[in-house]
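Enquirer: One structure is given below, represented as structure tokens, and several questions about it will come after.
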Amino acid sequence: MSTSKSLSPWGQLCGASGLTLLLAACGGSTVPLPFLTLDGNAPLVVGHRGAPGYLPEETLEAYTLAIDQGADVIEPDLVSTKDGVLIARHDPNLDYSTNVSTKAEFAGRKKTTTVDGETQTGWFASDFTLAEIKTLGANMTGDAARPQQYNGLYKVITFQEIIDLAIAKTKEKGRTIAVYPETKNPTYHRELGLPLEDTLIAIINKTGWNSKTAPIFVQSFEPSSLKYMRSKGLNTRLIQLIDADDYDLKTGKLTFAAPYDRPYDWFKSGDKRLFSDMVTVTGLTEIKTYADGIGPWKPYIVPVKWELNAAGAPVDKNGDGKTDLSDALSQTPTSLVSDAHKLGLLVHPYTFRNEKRRLTFDMAGDPLNEYLQFYRLGVDGLFSDFADTAVAGRAKYLKETGR
Ligand code: G3P
Ligand code: CA
């Protein structure tokens with residue numbers, strides 16, 4: 001249905017609605033600087049869980065807003081209901097992002113269980129039919145300062161509804177809207193007898209999207225989920241996500257503590273490697289055997305570190321009396337983007353957010369600076385909670401590269 005070219009803002013802007021805006025750059029004598037992306041197109045903006053900076057995540061309303069804000073791609077996490085329907089939720093535990101705890105009729109479903117080795121108490125999607133889940137309302141997650149007035153108003157939706165939205169919006173907007181589903185906790189779902197992969201492949205086949213050029217990327221933290229889908233004939237672009245537990249701002253190094261030290265399927269199989277092994281040339285070469293790209297946490301590309309005083313203590317750069325990420329400084333970028341590109345792998349880092357506490361000191365409180373930093377490094381796309389800001393950052397990048 002689409003090619004990567006048609007996803008490109010370059011194609012959109014020079015070919016259609018933005019023509020007058022860019023006539024000088026597109027038709028004049030100025031030769032724009034090349035993009036450093038793998039395919040030479042402008043980087044994609046992925047509406048991470050929709051537009052959760054504004055509306056409850058993974059709802060039709062949040063995805064619609066992300067598209068209206070200019071996102072090229074909308075990103076759902078997929079978990080399974082009791083009746084095997086793929087729904088868009090970041091966590092199997094519905095307590096994290098819905099009003100299930102307020103529903104007296106479901107009080108008896110509350111339980112304590114483990115998800116990827118972590119003990120959790122709550123209400124789990126696998127204990128509810130889709131019809132029951134449709135009676136819930138979605139809540140905001142993330143920073144408490146984000147708008148809370150929409151809590152409970154919007155429904156949990158299925159993956160099929162997201163595809164239907166992307167197709168309808170592609171027609172309405174005259175530009176391709178792609179989808180970027182993640183198999184969430186795939187080993188956990190398999191152990192429950194509710195595997196995600198075959199259902200996902202069936203939906204993609206039914207949509208006619210089982211090809212490299214279709215407007216879809218399929219992502220997972222667990223390599224075996226991606227490998228399984230490839231072995232079952234899934235031909236879409238596949239993206240290996242690469243996590244870590246945290247960063248140590250004193251050293252600038254990433255830290256690896258369970259359950260975010262390695263993919264859960266590696267833990268289950270006794271594979272002792274860490275997520276960090278995936279970003280070595282050896283690791284990337286292995287990923288290339290089953291995937292088309294990587295989705296690394298941002299500091300794998302730009303490490304972050306405090307400035308330390310003579311006593312070795314962090315400097316409170318912004319003078320607010322405490323030291324946190326907003327006092328840290330971006331370090332020299334790693335070679336990850338070019339290492340991945342040399343192997344023909346796409347690079348889509350996560351997650352970009354507007355809140356000042358999420359930005360390093362050298363971003364001067366302006367999230368546009370962080371987008372520019374990553375676009376300039378040649379990332380092929382990025383996941384953002386604030387699609388409008390990511391698009392604004394890209395507009396600045398297009399301008400500075402002569403478009
Ligand atoms: O899916 C890309 C990135 O968002 C991974 O993090 O926790 O949102 O799935 P998470
Ligand atoms: Ca501070």
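Each chain in the structure tokens gets a letter, A, B, ..., in the order shown, and its residues are numbered from 1; ligands are numbered from 1 in order too.
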Name the residues in contact with A:Asn369 at a cut-off of 12 Å, using only C-alpha atoms, excluding same-chain residues fewer than 3 positions from it; report them as a list of chain:residue names.
Expert: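 My reading of the contact set: A:Ser330, A:Phe352, A:Arg353, A:Asn354, A:Lys356, A:Leu359, A:Thr360, A:Phe361, A:Asp362, A:Met363, A:Ala364, A:Gly365, A:Asp366, A:Leu372, A:Gln373, A:Phe374, A:Tyr375, A:Arg376, A:Thr389, A:Ala390, A:Ala392, A:Gly393, A:Arg394, A:Lys396, A:Tyr397.
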Enquirer: Go ahead and save the residues from that selection, with C-alpha atoms, as a short mmCIF file (atom, residue, chain, number, x, y, z; two decimals), in the first residue's frame.
Expert:
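And here's selection06.cif as it stands now:
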```cif
data_model
loop_
_atom_site.label_atom_id
_atom_site.label_comp_id
_atom_site.auth_asym_id
_atom_site.auth_seq_id
_atom_site.Cartn_x
_atom_site.Cartn_y
_atom_site.Cartn_z
CA SER A 330 24.55 15.13 26.95
CA PHE A 352 10.84 11.72 23.73
CA ARG A 353 8.87 13.79 26.22
CA ASN A 354 8.35 17.51 26.79
CA LYS A 356 11.55 19.70 31.72
CA LEU A 359 15.50 16.97 29.52
CA THR A 360 19.20 17.32 30.21
CA PHE A 361 20.52 20.71 31.29
CA ASP A 362 22.08 21.44 27.89
CA MET A 363 18.63 21.26 26.24
CA ALA A 364 17.89 24.58 28.02
CA GLY A 365 14.38 23.43 28.92
CA ASP A 366 13.35 23.22 25.26
CA LEU A 372 17.21 18.39 16.71
CA GLN A 373 20.05 16.57 18.46
CA PHE A 374 18.69 13.17 17.42
CA TYR A 375 17.52 14.15 13.92
CA ARG A 376 21.00 15.52 13.24
CA THR A 389 6.58 18.88 19.35
CA ALA A 390 8.37 16.10 17.44
CA ALA A 392 7.87 21.01 15.13
CA GLY A 393 11.41 19.79 15.82
CA ARG A 394 11.47 18.09 12.45
CA LYS A 396 13.26 23.07 12.27
CA TYR A 397 15.53 20.28 11.09
#
```
Enquirer: Quick one: residues within 10 Å of ligand 1, with only C-alpha atoms and all ligand atoms, as a short mmCIF file (atom, residue, chain, number, x, y, z; two decimals) with N, CA and C atoms, in the first residue's frame?
Expert:
```
data_model
loop_
_atom_site.label_atom_id
_atom_site.label_comp_id
_atom_site.auth_asym_id
_atom_site.auth_seq_id
_atom_site.Cartn_x
_atom_site.Cartn_y
_atom_site.Cartn_z
N VAL A 46 6.81 8.98 15.36
CA VAL A 46 5.92 7.91 15.83
C VAL A 46 5.16 8.42 17.06
N GLY A 47 3.85 8.45 16.96
CA GLY A 47 3.01 8.84 18.11
C GLY A 47 3.01 7.69 19.10
N HIS A 48 3.91 7.79 20.09
CA HIS A 48 4.12 6.73 21.08
C HIS A 48 2.88 6.59 21.96
N ARG A 49 2.19 5.49 21.83
CA ARG A 49 0.92 5.24 22.56
C ARG A 49 -0.14 6.30 22.21
N GLU A 75 1.51 4.18 17.49
CA GLU A 75 2.14 3.02 18.14
C GLU A 75 1.27 2.43 19.24
N PRO A 76 0.75 1.22 19.05
CA PRO A 76 0.06 0.53 20.15
C PRO A 76 0.92 -0.60 20.74
N ASP A 77 0.75 -0.83 22.03
CA ASP A 77 1.25 -2.04 22.67
C ASP A 77 0.10 -3.03 22.66
N LEU A 78 0.41 -4.30 22.41
CA LEU A 78 -0.67 -5.29 22.31
C LEU A 78 -0.62 -6.30 23.45
N ARG A 89 -2.99 -1.90 25.09
CA ARG A 89 -2.66 -1.51 26.47
C ARG A 89 -1.17 -1.71 26.65
N HIS A 90 -0.54 -0.83 27.37
CA HIS A 90 0.89 -0.99 27.60
C HIS A 90 1.20 -2.15 28.54
N ASP A 91 0.24 -2.45 29.44
CA ASP A 91 0.49 -3.47 30.46
C ASP A 91 -0.68 -4.45 30.52
N TYR A 180 2.47 0.69 14.36
CA TYR A 180 3.74 0.18 14.89
C TYR A 180 3.45 -0.68 16.12
N PRO A 181 2.76 -1.84 15.94
CA PRO A 181 2.37 -2.66 17.09
C PRO A 181 3.55 -3.34 17.77
N GLU A 182 3.45 -3.45 19.09
CA GLU A 182 4.46 -4.17 19.88
C GLU A 182 3.84 -5.39 20.52
N THR A 183 4.47 -6.56 20.34
CA THR A 183 4.02 -7.72 21.11
C THR A 183 4.53 -7.52 22.54
N LYS A 184 3.59 -7.37 23.45
CA LYS A 184 3.92 -7.02 24.83
C LYS A 184 3.98 -8.27 25.69
N ASN A 185 5.05 -8.44 26.42
CA ASN A 185 5.22 -9.61 27.28
C ASN A 185 4.86 -10.92 26.55
N VAL A 218 6.59 -3.97 13.10
CA VAL A 218 6.24 -4.81 14.25
C VAL A 218 7.45 -4.86 15.18
N GLN A 219 7.23 -4.56 16.45
CA GLN A 219 8.34 -4.42 17.40
C GLN A 219 8.15 -5.34 18.60
N SER A 220 9.27 -5.69 19.22
CA SER A 220 9.22 -6.44 20.47
C SER A 220 10.55 -6.31 21.20
N PHE A 221 10.48 -6.43 22.54
CA PHE A 221 11.70 -6.54 23.32
C PHE A 221 12.26 -7.96 23.27
N ILE A 239 11.25 -4.69 14.25
CA ILE A 239 12.15 -3.83 15.02
C ILE A 239 12.44 -4.45 16.38
N GLN A 240 13.72 -4.63 16.68
CA GLN A 240 14.15 -5.16 17.97
C GLN A 240 14.31 -4.01 18.96
N LEU A 241 13.50 -4.01 20.01
CA LEU A 241 13.61 -2.97 21.04
C LEU A 241 14.77 -3.31 21.98
N ILE A 242 15.44 -2.27 22.47
CA ILE A 242 16.62 -2.48 23.33
C ILE A 242 16.49 -1.58 24.56
N ASP A 243 16.34 -2.22 25.71
CA ASP A 243 16.05 -1.51 26.96
C ASP A 243 17.28 -1.48 27.87
N ILE A 294 16.35 -1.40 14.87
CA ILE A 294 16.39 -1.42 16.33
C ILE A 294 15.62 -0.22 16.89
N GLY A 295 15.07 -0.43 18.08
CA GLY A 295 14.40 0.64 18.81
C GLY A 295 15.08 0.77 20.16
N PRO A 296 16.19 1.50 20.22
CA PRO A 296 16.94 1.60 21.48
C PRO A 296 16.44 2.72 22.38
N TRP A 297 16.60 2.53 23.67
CA TRP A 297 16.39 3.63 24.61
C TRP A 297 17.39 4.74 24.26
N LYS A 298 16.94 5.99 24.36
CA LYS A 298 17.74 7.14 23.90
C LYS A 298 19.20 7.17 24.36
N HIS A 348 15.22 3.61 15.58
CA HIS A 348 14.07 4.37 16.08
C HIS A 348 14.15 4.47 17.60
N PRO A 349 14.82 5.47 18.16
CA PRO A 349 14.95 5.56 19.62
C PRO A 349 13.65 5.99 20.32
N TYR A 350 13.56 5.66 21.62
CA TYR A 350 12.42 6.04 22.46
C TYR A 350 12.93 6.60 23.77
N THR A 351 12.12 7.27 24.55
CA THR A 351 10.86 7.95 24.24
C THR A 351 11.09 9.42 24.51
N PHE A 352 10.62 10.28 23.63
CA PHE A 352 10.84 11.72 23.73
C PHE A 352 9.63 12.36 24.42
N LEU A 382 11.52 8.43 15.54
CA LEU A 382 11.59 8.40 17.01
C LEU A 382 10.19 8.33 17.60
N PHE A 383 10.13 7.76 18.78
CA PHE A 383 8.86 7.62 19.51
C PHE A 383 8.68 8.84 20.41
N SER A 384 7.53 9.50 20.27
CA SER A 384 7.30 10.70 21.08
C SER A 384 5.93 10.66 21.73
N ASP A 385 5.88 11.12 22.99
CA ASP A 385 4.59 11.29 23.68
C ASP A 385 3.89 12.57 23.23
#
```
Enquirer: List as a ChimeraX atom specification the protein and nucleic acid residues near stretch 79-81 of chain A, meaning an atom at most 7 Å away when only C-alpha atoms are counted, but skip any in the same chain fewer than 2 places from it.
Expert: /A:77,83-89,92,125-130,184,194,196
Enquirer: Output N, CA, C and O atoms for every residue in the selection just made, as a short mmCIF file (atom, residue, chain, number, x, y, z; two decimals), in the first residue's frame.
Expert:
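Final output, again.cif:
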```cif
data_model
loop_
_atom_site.label_atom_id
_atom_site.label_comp_id
_atom_site.auth_asym_id
_atom_site.auth_seq_id
_atom_site.Cartn_x
_atom_site.Cartn_y
_atom_site.Cartn_z
N ASP A 77 0.75 -0.83 22.03
CA ASP A 77 1.25 -2.04 22.67
C ASP A 77 0.10 -3.03 22.66
O ASP A 77 -1.04 -2.64 22.89
N ASP A 83 -10.63 -13.73 25.76
CA ASP A 83 -11.14 -14.36 24.54
C ASP A 83 -10.21 -14.15 23.35
O ASP A 83 -10.62 -14.26 22.20
N GLY A 84 -8.95 -13.87 23.64
CA GLY A 84 -7.93 -13.89 22.59
C GLY A 84 -7.92 -12.71 21.63
O GLY A 84 -7.34 -12.78 20.55
N VAL A 85 -8.52 -11.60 22.04
CA VAL A 85 -8.53 -10.40 21.18
C VAL A 85 -7.33 -9.52 21.55
O VAL A 85 -7.06 -9.30 22.74
N LEU A 86 -6.63 -9.02 20.53
CA LEU A 86 -5.50 -8.12 20.79
C LEU A 86 -6.02 -6.72 21.03
O LEU A 86 -6.67 -6.12 20.18
N ILE A 87 -5.71 -6.20 22.23
CA ILE A 87 -6.14 -4.84 22.58
C ILE A 87 -4.91 -3.97 22.82
O ILE A 87 -3.82 -4.47 23.08
N ALA A 88 -5.12 -2.67 22.74
CA ALA A 88 -4.03 -1.72 22.91
C ALA A 88 -3.94 -1.30 24.38
O ALA A 88 -4.74 -0.49 24.87
N ARG A 89 -2.99 -1.90 25.09
CA ARG A 89 -2.66 -1.51 26.47
C ARG A 89 -1.17 -1.71 26.65
O ARG A 89 -0.60 -2.70 26.17
N PRO A 92 -0.39 -5.72 30.75
CA PRO A 92 -1.48 -6.67 31.00
C PRO A 92 -2.30 -6.28 32.23
O PRO A 92 -3.50 -6.57 32.31
N ALA A 125 -5.75 -8.28 31.98
CA ALA A 125 -6.55 -8.34 30.74
C ALA A 125 -6.97 -9.77 30.41
O ALA A 125 -8.07 -10.00 29.89
N SER A 126 -6.10 -10.73 30.73
CA SER A 126 -6.39 -12.13 30.38
C SER A 126 -7.53 -12.73 31.20
O SER A 126 -7.97 -13.84 30.92
N ASP A 127 -8.02 -12.00 32.21
CA ASP A 127 -9.16 -12.47 33.00
C ASP A 127 -10.47 -11.80 32.56
O ASP A 127 -11.51 -12.00 33.20
N PHE A 128 -10.40 -11.00 31.51
CA PHE A 128 -11.57 -10.23 31.07
C PHE A 128 -11.84 -10.49 29.58
O PHE A 128 -10.90 -10.54 28.78
N THR A 129 -13.13 -10.62 29.23
CA THR A 129 -13.47 -10.67 27.80
C THR A 129 -13.37 -9.26 27.23
O THR A 129 -13.38 -8.26 27.96
N LEU A 130 -13.33 -9.20 25.90
CA LEU A 130 -13.31 -7.87 25.27
C LEU A 130 -14.55 -7.07 25.66
O LEU A 130 -14.46 -5.87 25.95
N LYS A 184 3.59 -7.37 23.45
CA LYS A 184 3.92 -7.02 24.83
C LYS A 184 3.98 -8.27 25.69
O LYS A 184 3.04 -9.07 25.69
N LEU A 194 -2.35 -17.72 25.69
CA LEU A 194 -2.93 -16.66 24.85
C LEU A 194 -1.83 -16.01 24.01
O LEU A 194 -1.59 -14.80 24.10
N LEU A 196 0.37 -14.11 21.35
CA LEU A 196 -0.02 -12.92 20.58
C LEU A 196 0.26 -13.07 19.09
O LEU A 196 -0.45 -12.51 18.25
#
```
Enquirer: Could you pull out the residues sitting within 6 Å of ligand 2, using only C-alpha atoms and all ligand atoms, and write them as a list in words?
Expert: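 After applying the 6 Å limit, what remains is Asp316, Lys317, Asn318, Gly319, Asp320, Gly321, Lys322, Thr323, Asp324 and Asp327 of chain A.
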Enquirer: For the atom pair atom CA of A:Pro43 and atom CA of A:Ser231, what is the interatomic distance in Å to one decimal place?
Expert: 29.1 Å
Enquirer: With a distance cut-off of 7 Å and only C-alpha atoms, select the neighbouring residues of stretch 281-286 of chain A, excluding the residue or stretch itself and same-chain residues fewer than 5 positions from it, and output the selection as a count of residues only.
Expert: 3
Enquirer: Of the candidates A:Asp292, A:Asp261, A:Glu307, A:Asp246, which shows the shortest atom-to-atom distance to A:Lys212, using only C-alpha atoms?
Expert: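 Using only C-alpha atoms, the shortest distance to A:Lys212 belongs to A:Asp292.
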Enquirer: Determine which residues of stretch 66-306 of chain A receive a DSSP assignment of strand (DSSP E or B), computed from the backbone, and state them as a PyMOL selection string.
Expert: chain A and resi 73-75+77-80+86-88+93+98+111-115+118-122+124+138+158+178-179+182-183+216-220+237-242+246-248+253-255+293-297+304-305
Enquirer: Just the selected residues (N, CA and C atoms), exported as a short mmCIF file (atom, residue, chain, number, x, y, z; two decimals), in the first residue's frame, please.
Expert:
```cif
data_model
loop_
_atom_site.label_atom_id
_atom_site.label_comp_id
_atom_site.auth_asym_id
_atom_site.auth_seq_id
_atom_site.Cartn_x
_atom_site.Cartn_y
_atom_site.Cartn_z
N VAL A 73 3.18 7.83 12.14
CA VAL A 73 3.00 6.47 12.60
C VAL A 73 2.32 6.52 13.97
N ILE A 74 1.41 5.56 14.24
CA ILE A 74 0.83 5.47 15.58
C ILE A 74 1.21 4.12 16.20
N GLU A 75 1.51 4.18 17.49
CA GLU A 75 2.14 3.02 18.14
C GLU A 75 1.27 2.43 19.24
N ASP A 77 0.75 -0.83 22.03
CA ASP A 77 1.25 -2.04 22.67
C ASP A 77 0.10 -3.03 22.66
N LEU A 78 0.41 -4.30 22.41
CA LEU A 78 -0.67 -5.29 22.31
C LEU A 78 -0.62 -6.30 23.45
N VAL A 79 -1.77 -6.44 24.14
CA VAL A 79 -1.93 -7.52 25.11
C VAL A 79 -3.21 -8.26 24.74
N SER A 80 -3.40 -9.44 25.33
CA SER A 80 -4.56 -10.27 24.93
C SER A 80 -5.64 -10.25 26.00
N LEU A 86 -6.63 -9.02 20.53
CA LEU A 86 -5.50 -8.12 20.79
C LEU A 86 -6.02 -6.72 21.03
N ILE A 87 -5.71 -6.20 22.23
CA ILE A 87 -6.14 -4.84 22.58
C ILE A 87 -4.91 -3.97 22.82
N ALA A 88 -5.12 -2.67 22.74
CA ALA A 88 -4.03 -1.72 22.91
C ALA A 88 -3.94 -1.30 24.38
N ASN A 93 -1.67 -5.60 33.17
CA ASN A 93 -2.35 -5.16 34.39
C ASN A 93 -3.16 -3.90 34.08
N THR A 98 -6.42 2.10 33.48
CA THR A 98 -7.89 2.18 33.36
C THR A 98 -8.52 2.41 34.73
N LYS A 111 -6.24 -9.69 41.72
CA LYS A 111 -5.38 -10.79 42.15
C LYS A 111 -3.92 -10.34 42.14
N THR A 112 -3.08 -11.18 42.72
CA THR A 112 -1.64 -10.95 42.69
C THR A 112 -1.01 -12.04 41.85
N THR A 113 -0.19 -11.63 40.90
CA THR A 113 0.46 -12.60 40.01
C THR A 113 1.83 -12.06 39.61
N THR A 114 2.53 -12.80 38.75
CA THR A 114 3.81 -12.27 38.28
C THR A 114 3.75 -12.02 36.78
N VAL A 115 4.34 -10.93 36.39
CA VAL A 115 4.50 -10.59 34.97
C VAL A 115 5.99 -10.41 34.74
N GLU A 118 7.99 -10.20 37.83
CA GLU A 118 7.70 -9.11 38.76
C GLU A 118 6.33 -9.35 39.39
N THR A 119 6.24 -9.30 40.73
CA THR A 119 4.96 -9.50 41.39
C THR A 119 4.09 -8.26 41.22
N GLN A 120 2.88 -8.49 40.74
CA GLN A 120 1.96 -7.36 40.53
C GLN A 120 0.59 -7.72 41.11
N THR A 121 -0.06 -6.71 41.68
CA THR A 121 -1.44 -6.87 42.14
C THR A 121 -2.33 -5.98 41.29
N GLY A 122 -3.44 -6.52 40.84
CA GLY A 122 -4.33 -5.71 40.02
C GLY A 122 -5.35 -6.55 39.29
N PHE A 124 -6.14 -8.18 35.51
CA PHE A 124 -5.32 -8.52 34.34
C PHE A 124 -6.20 -8.80 33.11
N ALA A 138 -10.30 4.56 30.01
CA ALA A 138 -8.83 4.69 30.07
C ALA A 138 -8.43 5.91 30.92
N THR A 158 -9.30 -2.15 20.25
CA THR A 158 -8.61 -3.33 19.70
C THR A 158 -7.57 -2.89 18.67
N ALA A 178 1.06 5.04 9.21
CA ALA A 178 1.48 3.67 9.48
C ALA A 178 1.18 3.29 10.94
N VAL A 179 1.23 2.00 11.22
CA VAL A 179 1.03 1.53 12.59
C VAL A 179 2.28 0.76 13.04
N GLU A 182 3.45 -3.45 19.09
CA GLU A 182 4.46 -4.17 19.88
C GLU A 182 3.84 -5.39 20.52
N THR A 183 4.47 -6.56 20.34
CA THR A 183 4.02 -7.72 21.11
C THR A 183 4.53 -7.52 22.54
N ILE A 216 3.52 -0.60 8.13
CA ILE A 216 3.54 -1.23 9.45
C ILE A 216 4.96 -1.64 9.83
N PHE A 217 5.28 -1.42 11.11
CA PHE A 217 6.49 -1.95 11.73
C PHE A 217 6.00 -2.81 12.90
N VAL A 218 6.59 -3.97 13.10
CA VAL A 218 6.24 -4.81 14.25
C VAL A 218 7.45 -4.86 15.18
N GLN A 219 7.23 -4.56 16.45
CA GLN A 219 8.34 -4.42 17.40
C GLN A 219 8.15 -5.34 18.60
N SER A 220 9.27 -5.69 19.22
CA SER A 220 9.22 -6.44 20.47
C SER A 220 10.55 -6.31 21.20
N ARG A 237 8.40 -5.03 8.17
CA ARG A 237 9.60 -4.60 8.87
C ARG A 237 9.46 -4.95 10.36
N LEU A 238 10.50 -5.55 10.91
CA LEU A 238 10.52 -5.95 12.32
C LEU A 238 11.58 -5.12 13.05
N ILE A 239 11.25 -4.69 14.25
CA ILE A 239 12.15 -3.83 15.02
C ILE A 239 12.44 -4.45 16.38
N GLN A 240 13.72 -4.63 16.68
CA GLN A 240 14.15 -5.16 17.97
C GLN A 240 14.31 -4.01 18.96
N LEU A 241 13.50 -4.01 20.01
CA LEU A 241 13.61 -2.97 21.04
C LEU A 241 14.77 -3.31 21.98
N ILE A 242 15.44 -2.27 22.47
CA ILE A 242 16.62 -2.48 23.33
C ILE A 242 16.49 -1.58 24.56
N ASP A 246 18.26 1.58 33.95
CA ASP A 246 18.37 3.00 34.31
C ASP A 246 19.73 3.50 33.84
N TYR A 247 20.04 4.77 34.18
CA TYR A 247 21.40 5.24 33.95
C TYR A 247 21.99 5.69 35.28
N ASP A 248 23.31 5.57 35.37
CA ASP A 248 24.04 6.08 36.53
C ASP A 248 24.61 7.43 36.10
N LYS A 253 26.96 5.77 32.60
CA LYS A 253 26.75 4.43 32.04
C LYS A 253 25.33 3.94 32.34
N LEU A 254 24.84 3.07 31.47
CA LEU A 254 23.54 2.46 31.70
C LEU A 254 23.68 1.38 32.76
N THR A 255 22.59 1.12 33.49
CA THR A 255 22.61 0.08 34.51
C THR A 255 21.62 -1.02 34.11
N GLY A 293 15.45 -3.43 11.98
CA GLY A 293 15.89 -2.23 12.69
C GLY A 293 15.89 -2.44 14.18
N ILE A 294 16.35 -1.40 14.87
CA ILE A 294 16.39 -1.42 16.33
C ILE A 294 15.62 -0.22 16.89
N GLY A 295 15.07 -0.43 18.08
CA GLY A 295 14.40 0.64 18.81
C GLY A 295 15.08 0.77 20.16
N PRO A 296 16.19 1.50 20.22
CA PRO A 296 16.94 1.60 21.48
C PRO A 296 16.44 2.72 22.38
N TRP A 297 16.60 2.53 23.67
CA TRP A 297 16.39 3.63 24.61
C TRP A 297 17.39 4.74 24.26
N VAL A 304 24.09 10.27 28.97
CA VAL A 304 23.86 11.45 29.81
C VAL A 304 24.64 11.30 31.12
N LYS A 305 25.18 12.43 31.61
CA LYS A 305 26.08 12.34 32.78
C LYS A 305 26.08 13.66 33.52
#
```
Enquirer: Could you pull out the residues in stretch 137-378 of chain A that DSSP calls helix (DSSP H, G or I) from the backbone, as a PyMOL selection string?
Expert: chain A and resi 159-173+186-191+197-207+223-231+264-269+275-279+281-288+298-300+325-327+336-342+356-358+361-363+367-376
Enquirer: Taking only C-alpha atoms into account, which of A:Thr236, A:Gly117, A:Gly378, A:Tyr188 comes nearest A:Ala258?
Expert: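 Distance minimum relative to A:Ala258 lands on A:Gly117.
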Enquirer: What is the atom CA of A:Lys268 to atom CA of A:Glu222 distance in Å?
Expert: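 Value for the atom CA of A:Lys268-atom CA of A:Glu222 distance: 10.9 Å.
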Enquirer: Pick from A:Ser224, A:Ser211, A:Gln69, A:Asn99: nearest to A:Phe267, with only C-alpha atoms counted?
Expert: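 Comparing A:Ser224, A:Ser211, A:Gln69, A:Asn99 against A:Phe267, the winner is A:Ser224.
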Enquirer: Between atom CA of A:Ile177 and atom CA of A:Glu57, what distance in Å does the model show, to one decimal?
Expert: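 Going from atom CA of A:Ile177 over to atom CA of A:Glu57, I get 17.9 Å.
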Enquirer: Name the closest residue to A:Gln149 among the candidates A:Leu336, A:Pro56, A:Phe35, A:Trp266; distances are taken between atoms, counting only C-alpha atoms.
Expert: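 Counting only C-alpha atoms, the residue closest to A:Gln149 is A:Pro56.
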